[in-house]
Amino acid sequence: MANTALITGILGQDGPYLAKYLVEKGYKVYGLMRRYSTPHMDNLKFLGIEHSVDFIEGDLSDEASLINIIKNIRPNEVYNLAAQSFVGSSWDQAKLTTEVNSLGVLYLLNSIKFFSPTTKFYQASTSEMFGLSNDDGYQDENTNFHPRSPYGISKVYAYWMTVNFRESYGLFTTNGILFNHESPLRGIQFVTRKITDGVVKIKLGLAETLSLGNLEAKRDWGFAGDYVEAMYLMMQAEKPDDYVIGSGHCHSVREFVELAFKQVGISDWEKYVTIDARFKRPAEVPHLQARANKAFEKLGWKPKVSFEELVKVMVEADMKRLQK
Ligand code: NAP
Ligand code: G4F
């Protein structure tokens, strides 16, 4: 019988990449989605897999819906990718962020514990948990957490609950502590996609300026398609564990902007970019850079797409879309 996987967050960025990856490996994939008046399938359609997923309606903040789903499907693997994932909104919607990102994970873990204890569980943890904390400029599995946003804090709760269910009940639960990963499917609010979309609009004469916040923040950016492979590998490991996933290279928002403009042949980019305080955060995470040696060694995982290739792919995808 085929392996079965439930992916929460199926309509976001990572959900479609992971679904495609698992379908190609022969999995039967269920996708949890919230109820919509008009469902948005664009990301699944972009990868051509909208017909390969069985959709199930549910919500991470509704425990009963999750219990029913786990009880009925009893999947081999659950990948919990659903979240209020935008750091910027988490100050204004801290309660919602906590209900979905923290309590939602507790509900899923309890559903597994009571109704399908052999199900393996992957939690989408994040480098935002490190926040201000680093060791010699890098973050790895031994770095302390010092989150800087309600989002980061909500994910710390989920991280420890995932560890605790492993230690208390012997469940196969694993945290992937992923650093920023991007793609043409990235939500338009996140800085990389906002930049590539804005740059292409300026090039095509559809916009005059691009408004951004802190250009000096540094991130370890990789390609989402590479990172979903790491999720799968963690779930196939002999023992459940927690892994940092990132490229080890870091760049500033300024460098991303400069490269994206260069990609469309604009070198005097400064004249198009304005700084707007609305896009600055009450507390910033200045520098994230992964030391992912554990994943390299134990999982045999390596990122394939470089920073330069990532910017190119995202600019090209926005160019194609906007030229239509
Ligand atoms: P994303 O594009 O924002 O997708 C998140 C998904 O969660 C969306 O499909 C959203 O549904 C769904 N969702 C939100 N609230 C929900 C709820 N109450 N019930 C059910 N579903 C809900 O995020 P992503 O970039 O794919 O990231 C996937 C996961 O990895 C997230 O948990 C994120 O926090 C984490 N993470 C991401 C990164 C990164 O750089 N991308 C790095 C580290 C960790 P709708 O489509 O209905 O809005
Ligand atoms: O693209 P961002 O909004 O991503 P952020 O905050 O790093 O969070 C993303 O990565 C996390 C992993 O580390 C995930 F857990 C999380 O779910 C999400 O996927 O912002 C990146 C940086 C920040 O320092 C921000 O202050 O870009 C800076 N920035 C500068 N101008 C901006 C802007 N960010 C946004 N969104 N919009 C701006 O105009």
# chains A, B, ... in the order shown; residues from 1 in each chain; ligands from 1
>>> residues_around(residues="region 137-146 of chain A", least_positions_apart="6", cutoff="7 Å", atoms="only C-alpha atoms", output="list in words")
Met129, Phe130, Gly131, Tyr243, Val244, Gln289, Ala290, Arg291 and Ala292 of chain A
>>> residues_near_ligand(ligand="ligand 1", cutoff="6 Å", atoms="only C-alpha atoms and all ligand atoms", output="list in words")
Gly9, Ile10, Leu11, Gly12, Gln13, Asp14, Gly15, Met33, Arg34, Asp59, Leu60, Ser61, Leu81, Ala82, Ala83, Gln84, Ser85, Val100, Ala124, Ser125, Thr126, Leu178, Phe179, Asn180, His181 and Gly187 of chain A
>>> write_last_selection(atoms="N, CA and C atoms", output="short mmCIF file (atom, residue, chain, number, x, y, z; two decimals), in the first residue's frame")
data_model
loop_
_atom_site.label_atom_id
_atom_site.label_comp_id
_atom_site.auth_asym_id
_atom_site.auth_seq_id
_atom_site.Cartn_x
_atom_site.Cartn_y
_atom_site.Cartn_z
N GLY A 9 -1.38 23.42 5.48
CA GLY A 9 -0.75 24.55 4.77
C GLY A 9 -0.54 24.22 3.30
N ILE A 10 -1.43 23.40 2.74
CA ILE A 10 -1.24 22.89 1.37
C ILE A 10 -1.30 23.99 0.30
N LEU A 11 -1.95 25.10 0.60
CA LEU A 11 -2.10 26.15 -0.42
C LEU A 11 -1.02 27.23 -0.32
N GLY A 12 -0.11 27.10 0.64
CA GLY A 12 0.91 28.14 0.83
C GLY A 12 2.08 27.96 -0.12
N GLN A 13 3.26 28.36 0.31
CA GLN A 13 4.45 28.18 -0.55
C GLN A 13 5.00 26.76 -0.47
N ASP A 14 5.30 26.29 0.75
CA ASP A 14 5.99 25.00 0.89
C ASP A 14 5.06 23.81 0.58
N GLY A 15 3.77 23.95 0.95
CA GLY A 15 2.82 22.84 0.77
C GLY A 15 2.85 22.27 -0.64
N MET A 33 -7.01 22.16 4.14
CA MET A 33 -7.22 23.58 3.82
C MET A 33 -8.40 24.14 4.59
N ARG A 34 -8.34 25.45 4.84
CA ARG A 34 -9.46 26.10 5.52
C ARG A 34 -10.62 26.25 4.54
N ASP A 59 -9.26 23.29 10.23
CA ASP A 59 -8.58 24.53 10.64
C ASP A 59 -7.72 24.21 11.86
N LEU A 60 -6.52 24.72 11.88
CA LEU A 60 -5.62 24.42 12.99
C LEU A 60 -6.14 24.93 14.33
N SER A 61 -7.02 25.92 14.30
CA SER A 61 -7.53 26.43 15.57
C SER A 61 -8.79 25.68 16.02
N LEU A 81 2.69 22.30 8.12
CA LEU A 81 3.23 23.53 7.51
C LEU A 81 2.30 24.72 7.72
N ALA A 82 1.09 24.48 8.21
CA ALA A 82 0.13 25.58 8.36
C ALA A 82 0.58 26.52 9.47
N ALA A 83 0.44 27.81 9.22
CA ALA A 83 0.77 28.81 10.25
C ALA A 83 0.32 30.19 9.79
N GLN A 84 0.15 31.07 10.76
CA GLN A 84 0.16 32.50 10.45
C GLN A 84 1.65 32.80 10.36
N SER A 85 2.16 32.84 9.15
CA SER A 85 3.62 32.77 8.96
C SER A 85 4.27 34.13 8.71
N VAL A 100 -3.05 29.63 16.31
CA VAL A 100 -2.77 28.76 15.16
C VAL A 100 -1.39 28.09 15.31
N ALA A 124 7.03 22.52 11.36
CA ALA A 124 7.74 23.58 10.62
C ALA A 124 8.25 24.63 11.60
N SER A 125 9.38 24.32 12.20
CA SER A 125 10.01 25.29 13.09
C SER A 125 10.86 26.26 12.27
N THR A 126 11.39 27.28 12.94
CA THR A 126 11.95 28.39 12.18
C THR A 126 13.17 29.03 12.83
N LEU A 178 13.95 25.60 9.91
CA LEU A 178 14.32 26.07 8.58
C LEU A 178 14.61 27.57 8.56
N PHE A 179 15.68 27.92 7.87
CA PHE A 179 15.99 29.32 7.60
C PHE A 179 15.17 29.75 6.37
N ASN A 180 15.19 31.05 6.10
CA ASN A 180 14.31 31.59 5.04
C ASN A 180 14.49 30.84 3.72
N HIS A 181 13.37 30.44 3.15
CA HIS A 181 13.42 29.83 1.82
C HIS A 181 12.30 30.41 0.97
N GLY A 187 4.65 34.23 -0.83
CA GLY A 187 3.61 35.25 -0.64
C GLY A 187 4.16 36.63 -0.93
#
>>> residues_around(residues="Met234 (chain A)", least_positions_apart="3", cutoff="8 Å", atoms="only C-alpha atoms", output="PyMOL selection string")
chain A and resi 174+176+230-231+237+240-241+243+299
>>> write_last_selection(atoms="N, CA and C atoms", output="compact mmCIF listing (two decimals), in the first residue's frame")
# COMPACT_ATOMS: atom_id res chain seq x y z
N THR A 174 9.42 15.43 14.92
CA THR A 174 10.68 16.05 14.51
C THR A 174 10.48 17.52 14.17
N GLY A 176 11.98 20.62 12.00
CA GLY A 176 12.89 21.18 11.00
C GLY A 176 13.00 22.67 11.29
N ALA A 230 14.53 18.23 2.59
CA ALA A 230 15.05 18.04 3.95
C ALA A 230 13.94 17.58 4.89
N MET A 231 12.72 18.13 4.70
CA MET A 231 11.60 17.70 5.55
C MET A 231 11.37 16.20 5.40
N ALA A 237 14.44 9.33 8.75
CA ALA A 237 15.57 8.97 9.62
C ALA A 237 15.16 7.86 10.58
N PRO A 240 13.72 10.01 15.47
CA PRO A 240 13.29 11.41 15.33
C PRO A 240 14.27 12.34 16.01
N ASP A 241 14.49 13.49 15.39
CA ASP A 241 15.46 14.45 15.94
C ASP A 241 15.12 15.84 15.39
N TYR A 243 16.58 19.35 13.38
CA TYR A 243 17.66 19.74 12.46
C TYR A 243 17.53 21.18 12.00
N LEU A 299 21.70 13.57 7.39
CA LEU A 299 20.62 13.35 6.42
C LEU A 299 21.16 13.28 4.99
>>> residues_near_ligand(ligand="ligand 2", cutoff="7 Å", atoms="only C-alpha atoms and all ligand atoms", output="mmCIF file with C-alpha atoms, in the first residue's frame")
data_model
loop_
_atom_site.group_PDB
_atom_site.id
_atom_site.type_symbol
_atom_site.label_atom_id
_atom_site.label_comp_id
_atom_site.auth_asym_id
_atom_site.auth_seq_id
_atom_site.Cartn_x
_atom_site.Cartn_y
_atom_site.Cartn_z
ATOM 1 C CA SER A 85 3.621 32.772 8.962
ATOM 2 C CA PHE A 86 4.089 36.500 8.380
ATOM 3 C CA VAL A 87 6.278 37.944 11.143
ATOM 4 C CA GLY A 88 5.160 41.512 10.418
ATOM 5 C CA THR A 126 11.953 28.387 12.177
ATOM 6 C CA SER A 127 15.188 30.328 12.489
ATOM 7 C CA GLU A 128 13.030 33.190 13.852
ATOM 8 C CA LEU A 178 14.316 26.067 8.582
ATOM 9 C CA PHE A 179 15.990 29.318 7.599
ATOM 10 C CA ASN A 180 14.309 31.585 5.044
ATOM 11 C CA GLN A 189 4.183 40.345 1.530
ATOM 12 C CA PHE A 190 7.545 38.675 2.171
ATOM 13 C CA VAL A 191 10.499 40.841 1.255
ATOM 14 C CA THR A 192 12.033 38.724 -1.531
ATOM 15 C CA LYS A 194 7.867 41.979 -2.794
ATOM 16 C CA SER A 211 8.864 50.992 -0.692
ATOM 17 C CA LEU A 212 10.788 48.898 1.804
ATOM 18 C CA GLY A 213 11.787 48.875 5.485
ATOM 19 C CA ASN A 214 15.162 47.836 6.923
ATOM 20 C CA LEU A 215 17.615 47.189 4.068
ATOM 21 C CA ALA A 217 18.696 42.958 7.802
ATOM 22 C CA LYS A 218 20.573 39.817 6.789
ATOM 23 C CA ARG A 219 19.029 36.470 5.980
ATOM 24 C CA VAL A 253 18.004 42.896 1.921
ATOM 25 C CA PHE A 279 7.697 48.288 6.910
ATOM 26 C CA LYS A 280 10.134 48.409 9.819
ATOM 27 C CA ARG A 281 9.507 46.092 12.766
ATOM 28 C CA GLU A 284 14.175 43.332 14.276
ATOM 29 C CA VAL A 285 16.106 40.099 13.804
ATOM 30 C CA PRO A 286 19.314 41.507 12.307
#
>>> closest_residue(among="A:Lys298, A:Lys203, A:Val313, A:Ser154", to="Ile266 (chain A)", atoms="only C-alpha atoms")
A:Lys203
>>> closest_residue(among="A:Ser183, A:Ser90, A:Thr38, A:Ser267", to="Asp226 (chain A)", atoms="only C-alpha atoms")
A:Ser183
>>> select_by_dssp(residues="region 15-238 of chain A", states="alpha helix (DSSP H)", output="PyMOL selection string")
chain A and resi 15-24+42-46+63-73+94-98+104-115+150-169+191-203+224-236
